[in-house]
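Notes for the one structure printed next.
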Amino acid sequence: MNDKVKIENVALVYVELPSANVEQDIYELTELIRTAQGTVKLQCDQKRNFVDPATVVGKGKLEELKKSIETLDCEIDVVIFSCPLNATQRTALKKELDCDVIDKIDLILDIFALRATSAEGKKQVELAQLSYNLATKPEGKFSRQGAGIGTRGPGETKLETNKRAARERIYRLRQELKEIERRRKLTGKQRSENGMFTVALVGYTNAGKSTLFNRLTNAETYADDKLFATLDTTVRRVKMPNGVEILLCDTVGFIKDLPHALLEAFKSTLEEAANADLLLNVCDVSDENVQKHIEVTEQTLAELNTVAPIIRVYNKCDKTEEFSRGIVWENVPSVFVSSLTGQNIDILLEQIQSYLMTKYSSVTLCVPLENCAKLLSYLKKCNAQCQSVEYSDTAAEIKAIISKKYVANVVQYIKL
């Protein structure tokens, strides 16, 4: 995590289109800028029915913005537009404003570049940045690494390259990520063969997923009150109240208008969610836009073709007593918790366990003594939980919780 990045002065240009949620959009943009080590020194709002194809905000407003920047008592490092910019707009705006110009998607990609820690995460971010730059930036403006917001990247050195070189690098990154994905699928296959029940934490960014993950696993993964505080998928074992171990995965957070390039680049990582047996949609219940956040998350999950059942986990209930504010109560299981204080975590575990038991069975096995050691070894291999073993002169009675997919392999020992 690079927390020594220079704080940059930002001019934020918010283009209010007819479908905009102004308050939420500006709050998110401001938080994104804060997360990217920037501070908003100037905000310019423009209400429009459509984006001007040449200047985005119109010539008059652009001239007003230019004068506002010139009269500030500090130098603006970068101008950030709330809407996507194409190559033509970028060239015209940079020339007119005499300043670096980026859009919201550049900003999100920049944060991902700051937060990526694993080799895979860095490759995914670089792929997303190059893909987006190739589609939206003028020839020769593909910086893998730079000195400020919108120019940072996970590459080892600063590299100005052309479109041909960018395409070659994209091809190599995709091949490398395919190999990582192949290894992940092999690991996933081994988990599946071991009968491990997998639960994935998903949700809007900064809803408290990593804090909940730490609470459930007693781990110490990085968590912070910032958007996209963690990127890399983390997997840990968690023991349920009945003794059965499950796998819990912490995944990258979602946000409204999450760049398609990022979804594509992180597709292999997000497969942890797509292949999970159960999803916990972690929502910040203290946020007045909680319902919108739920919709964005579950729409993104639909795009990933997830089929697992969902429990909505309304987190941060210690922050507010207005638990039902803005929430549309649907036929979806839900629980209010506080990852910080541990409130209702036991209820959440019980709900997870109830889903677990739809795929597991409690059995009593009567096993001849000569087969007992072999059977106990098999139960351990397939992640069964042995609750008790009682021996007699000729046999052992084993009470266990075992995945239903393996029951057929021990059916001859089941005591009716």
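Each chain of the structure tokens is named A, B, ... in the order shown, its residues numbered from 1; ligands are numbered from 1 in display order.
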
Can you list, as a PyMOL selection string, every protein, DNA or RNA residue that comes within 12 Å of stretch 363-380 of chain A when you count only C-alpha atoms, leaving out same-chain residues fewer than 6 positions away? chain A and resi 194-196+244-245+386-404+406-416

Identify, on the basis of only C-alpha atoms, every residue whose closest approach to stretch 55-61 of chain A does not exceed 9 Å; exclude the query and any residue fewer than 5 positions from it along the same chain; express the result as a PyMOL selection string. chain A and resi 13+15+44+46-48+50+66+81+83+85+89-90+92-93

May I have the residues from that selection written out with C-alpha atoms, as a PDB file, in the first residue's frame?
```pdb
ATOM      1  CA  VAL A  13     -16.052  18.746 -13.000  1.00  0.00           C
ATOM      2  CA  VAL A  15     -21.706  16.759 -15.376  1.00  0.00           C
ATOM      3  CA  CYS A  44     -17.535  22.889 -11.198  1.00  0.00           C
ATOM      4  CA  GLN A  46     -22.875  21.636 -15.145  1.00  0.00           C
ATOM      5  CA  LYS A  47     -26.422  20.421 -15.736  1.00  0.00           C
ATOM      6  CA  ARG A  48     -26.850  19.022 -19.257  1.00  0.00           C
ATOM      7  CA  PHE A  50     -26.247  15.274 -23.052  1.00  0.00           C
ATOM      8  CA  LYS A  66     -10.439  27.819 -17.171  1.00  0.00           C
ATOM      9  CA  PHE A  81     -14.499  14.790 -15.179  1.00  0.00           C
ATOM     10  CA  CYS A  83     -18.272  11.294 -17.285  1.00  0.00           C
ATOM     11  CA  LEU A  85     -13.908  11.046 -22.031  1.00  0.00           C
ATOM     12  CA  GLN A  89     -12.262  15.365 -25.821  1.00  0.00           C
ATOM     13  CA  ARG A  90      -9.102  14.633 -23.843  1.00  0.00           C
ATOM     14  CA  ALA A  92      -9.161  19.442 -26.629  1.00  0.00           C
ATOM     15  CA  LEU A  93      -9.634  19.767 -22.854  1.00  0.00           C
TER      16      LEU A  93
END
```

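Pairwise distance (atom CA of A:Gln124, atom CA of A:Leu173) equals 7.9 Å.
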
Could you list, as a ChimeraX atom specification, every residue within 9 Å of A:Pro333, counting only C-alpha atoms and ignoring same-chain residues fewer than 2 positions away? /A:310-313,330-331,335,351

For A:Val40, which residue among A:Asp77, A:Glu271, A:Glu63, A:Asp284 is the nearest when counting only C-alpha atoms? A:Asp77

Quick one: contact table of stretch 237-313 of chain A to stretch 198-206 of chain A, 7 Å max, nearest atom pair and distance in Å to one decimal per residue, counting only C-alpha atoms, chain and number order, as a Markdown table?
```
| residue | atom | partner | partner_atom | distance |
| --- | --- | --- | --- | --- |
| A:Ile246 | CA | A:Thr198 | CA | 5.9 |
| A:Leu247 | CA | A:Thr198 | CA | 4.7 |
| A:Leu248 | CA | A:Val199 | CA | 4.9 |
| A:Cys249 | CA | A:Ala200 | CA | 4.6 |
| A:Asp250 | CA | A:Leu201 | CA | 5.1 |
| A:Thr251 | CA | A:Val202 | CA | 6.0 |
| A:Gly253 | CA | A:Thr205 | CA | 4.2 |
| A:Phe254 | CA | A:Tyr204 | CA | 4.6 |
| A:Ile255 | CA | A:Tyr204 | CA | 5.8 |
| A:Glu272 | CA | A:Ala200 | CA | 6.9 |
| A:Ala273 | CA | A:Ala200 | CA | 5.4 |
| A:Ala276 | CA | A:Thr198 | CA | 5.1 |
| A:Asp277 | CA | A:Thr198 | CA | 5.3 |
| A:Leu278 | CA | A:Val199 | CA | 4.8 |
| A:Leu279 | CA | A:Ala200 | CA | 5.0 |
| A:Leu280 | CA | A:Leu201 | CA | 4.9 |
| A:Asn281 | CA | A:Gly203 | CA | 5.0 |
| A:Val282 | CA | A:Gly203 | CA | 4.9 |
| A:Cys283 | CA | A:Gly203 | CA | 6.2 |
| A:His293 | CA | A:Tyr204 | CA | 5.8 |
| A:Thr297 | CA | A:Gly203 | CA | 5.6 |
```

Can those selected residues be exported to a file as a compact mmCIF listing (two decimals), in the first residue's frame so that it contains N, CA and C atoms?
```txt
# COMPACT_ATOMS: atom_id res chain seq x y z
N ILE A 246 -15.69 -24.36 6.61
CA ILE A 246 -16.04 -23.83 5.30
C ILE A 246 -14.91 -22.92 4.83
N LEU A 247 -14.96 -22.52 3.56
CA LEU A 247 -14.02 -21.55 3.02
C LEU A 247 -14.73 -20.22 2.87
N LEU A 248 -14.12 -19.15 3.36
CA LEU A 248 -14.68 -17.81 3.23
C LEU A 248 -13.76 -16.98 2.34
N CYS A 249 -14.32 -16.35 1.30
CA CYS A 249 -13.55 -15.56 0.34
C CYS A 249 -13.94 -14.09 0.44
N ASP A 250 -12.93 -13.23 0.54
CA ASP A 250 -13.15 -11.78 0.51
C ASP A 250 -12.81 -11.30 -0.89
N THR A 251 -13.74 -10.62 -1.57
CA THR A 251 -13.53 -10.21 -2.96
C THR A 251 -13.50 -8.69 -3.08
N GLY A 253 -14.56 -4.93 -4.02
CA GLY A 253 -15.85 -4.26 -3.92
C GLY A 253 -16.35 -3.76 -5.26
N PHE A 254 -17.65 -3.54 -5.36
CA PHE A 254 -18.26 -3.02 -6.57
C PHE A 254 -18.58 -1.53 -6.38
N ILE A 255 -18.83 -0.87 -7.49
CA ILE A 255 -19.24 0.53 -7.47
C ILE A 255 -20.10 0.79 -8.69
N GLU A 272 -14.33 -16.49 -7.92
CA GLU A 272 -14.50 -16.98 -6.55
C GLU A 272 -15.95 -16.75 -6.10
N ALA A 273 -16.51 -15.60 -6.51
CA ALA A 273 -17.91 -15.31 -6.19
C ALA A 273 -18.84 -16.12 -7.07
N ALA A 276 -19.10 -19.74 -5.84
CA ALA A 276 -19.37 -19.97 -4.42
C ALA A 276 -20.71 -20.69 -4.23
N ASP A 277 -20.82 -21.37 -3.09
CA ASP A 277 -22.08 -22.05 -2.73
C ASP A 277 -23.07 -21.06 -2.11
N LEU A 278 -22.54 -19.98 -1.54
CA LEU A 278 -23.39 -18.99 -0.88
C LEU A 278 -22.71 -17.63 -0.98
N LEU A 279 -23.50 -16.57 -1.20
CA LEU A 279 -22.97 -15.21 -1.28
C LEU A 279 -23.50 -14.37 -0.13
N LEU A 280 -22.62 -13.62 0.49
CA LEU A 280 -23.04 -12.65 1.51
C LEU A 280 -22.89 -11.27 0.90
N ASN A 281 -24.02 -10.62 0.59
CA ASN A 281 -24.00 -9.27 0.03
C ASN A 281 -23.92 -8.30 1.20
N VAL A 282 -22.71 -7.80 1.46
CA VAL A 282 -22.48 -6.93 2.61
C VAL A 282 -22.84 -5.50 2.23
N CYS A 283 -23.78 -4.91 2.97
CA CYS A 283 -24.28 -3.56 2.68
C CYS A 283 -24.04 -2.66 3.90
N HIS A 293 -26.99 0.64 -3.57
CA HIS A 293 -25.78 -0.17 -3.50
C HIS A 293 -26.11 -1.65 -3.65
N THR A 297 -24.70 -4.05 -6.74
CA THR A 297 -23.98 -5.29 -6.45
C THR A 297 -24.66 -6.48 -7.10
```

Going by DSSP on the backbone, which bits of stretch 288-345 of chain A are helix (DSSP H, G or I)? Write them as a PyMOL selection string, please. chain A and resi 290-303+345

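Among A:Lys104, A:Ile69, A:Asn21, A:Gln343, the residue with the shortest atom-to-atom distance to A:Gln43, counting only C-alpha atoms, is A:Ile69.
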
From atom CA of A:Asp25 to atom CA of A:Asn214 the spacing works out at 29.4 Å

All residues 7 Å or closer to A:Thr39, only C-alpha atoms, same chain fewer than 3 positions away omitted, as a PyMOL selection string: chain A and resi 7-10+33-34

Same residues, N, CA and C atoms, output as a PDB file, in the first residue's frame:
```pdb
ATOM      1  N   ILE A   7      -0.131  14.404  -1.887  1.00  0.00           N
ATOM      2  CA  ILE A   7      -1.522  14.830  -2.009  1.00  0.00           C
ATOM      3  C   ILE A   7      -1.620  15.837  -3.152  1.00  0.00           C
ATOM      4  N   GLU A   8      -2.491  15.561  -4.108  1.00  0.00           N
ATOM      5  CA  GLU A   8      -2.594  16.421  -5.287  1.00  0.00           C
ATOM      6  C   GLU A   8      -3.829  17.306  -5.225  1.00  0.00           C
ATOM      7  N   ASN A   9      -3.718  18.464  -5.854  1.00  0.00           N
ATOM      8  CA  ASN A   9      -4.832  19.395  -5.944  1.00  0.00           C
ATOM      9  C   ASN A   9      -5.676  19.059  -7.177  1.00  0.00           C
ATOM     10  N   VAL A  10      -6.970  18.900  -6.952  1.00  0.00           N
ATOM     11  CA  VAL A  10      -7.866  18.417  -8.002  1.00  0.00           C
ATOM     12  C   VAL A  10      -8.977  19.425  -8.256  1.00  0.00           C
ATOM     13  N   ILE A  33     -11.475  10.451  -4.955  1.00  0.00           N
ATOM     14  CA  ILE A  33     -10.337  11.370  -5.036  1.00  0.00           C
ATOM     15  C   ILE A  33      -9.514  11.313  -3.754  1.00  0.00           C
ATOM     16  N   ARG A  34     -10.196  11.269  -2.608  1.00  0.00           N
ATOM     17  CA  ARG A  34      -9.490  11.160  -1.319  1.00  0.00           C
ATOM     18  C   ARG A  34      -8.688   9.867  -1.257  1.00  0.00           C
TER      19      ARG A  34
END
```

All strand (DSSP E or B) residues (DSSP, backbone) inside stretch 76-128 of chain A, as an NGL selection string: :A and (78-81 or 100-103)

Would you put the residues from that selection into a file with C-alpha atoms, as a PDB file, in the first residue's frame?
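Just written: result_30.pdb:
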```pdb
ATOM      1  CA  VAL A  78      -5.334  17.359 -12.493  1.00  0.00           C
ATOM      2  CA  VAL A  79      -8.896  18.046 -13.685  1.00  0.00           C
ATOM      3  CA  ILE A  80     -11.260  15.094 -13.198  1.00  0.00           C
ATOM      4  CA  PHE A  81     -14.499  14.790 -15.179  1.00  0.00           C
ATOM      5  CA  ASP A 100      -3.788  16.922 -17.036  1.00  0.00           C
ATOM      6  CA  VAL A 101      -7.369  15.787 -17.680  1.00  0.00           C
ATOM      7  CA  ILE A 102      -8.827  12.398 -16.697  1.00  0.00           C
ATOM      8  CA  ASP A 103     -12.279  10.890 -16.090  1.00  0.00           C
TER       9      ASP A 103
END
```
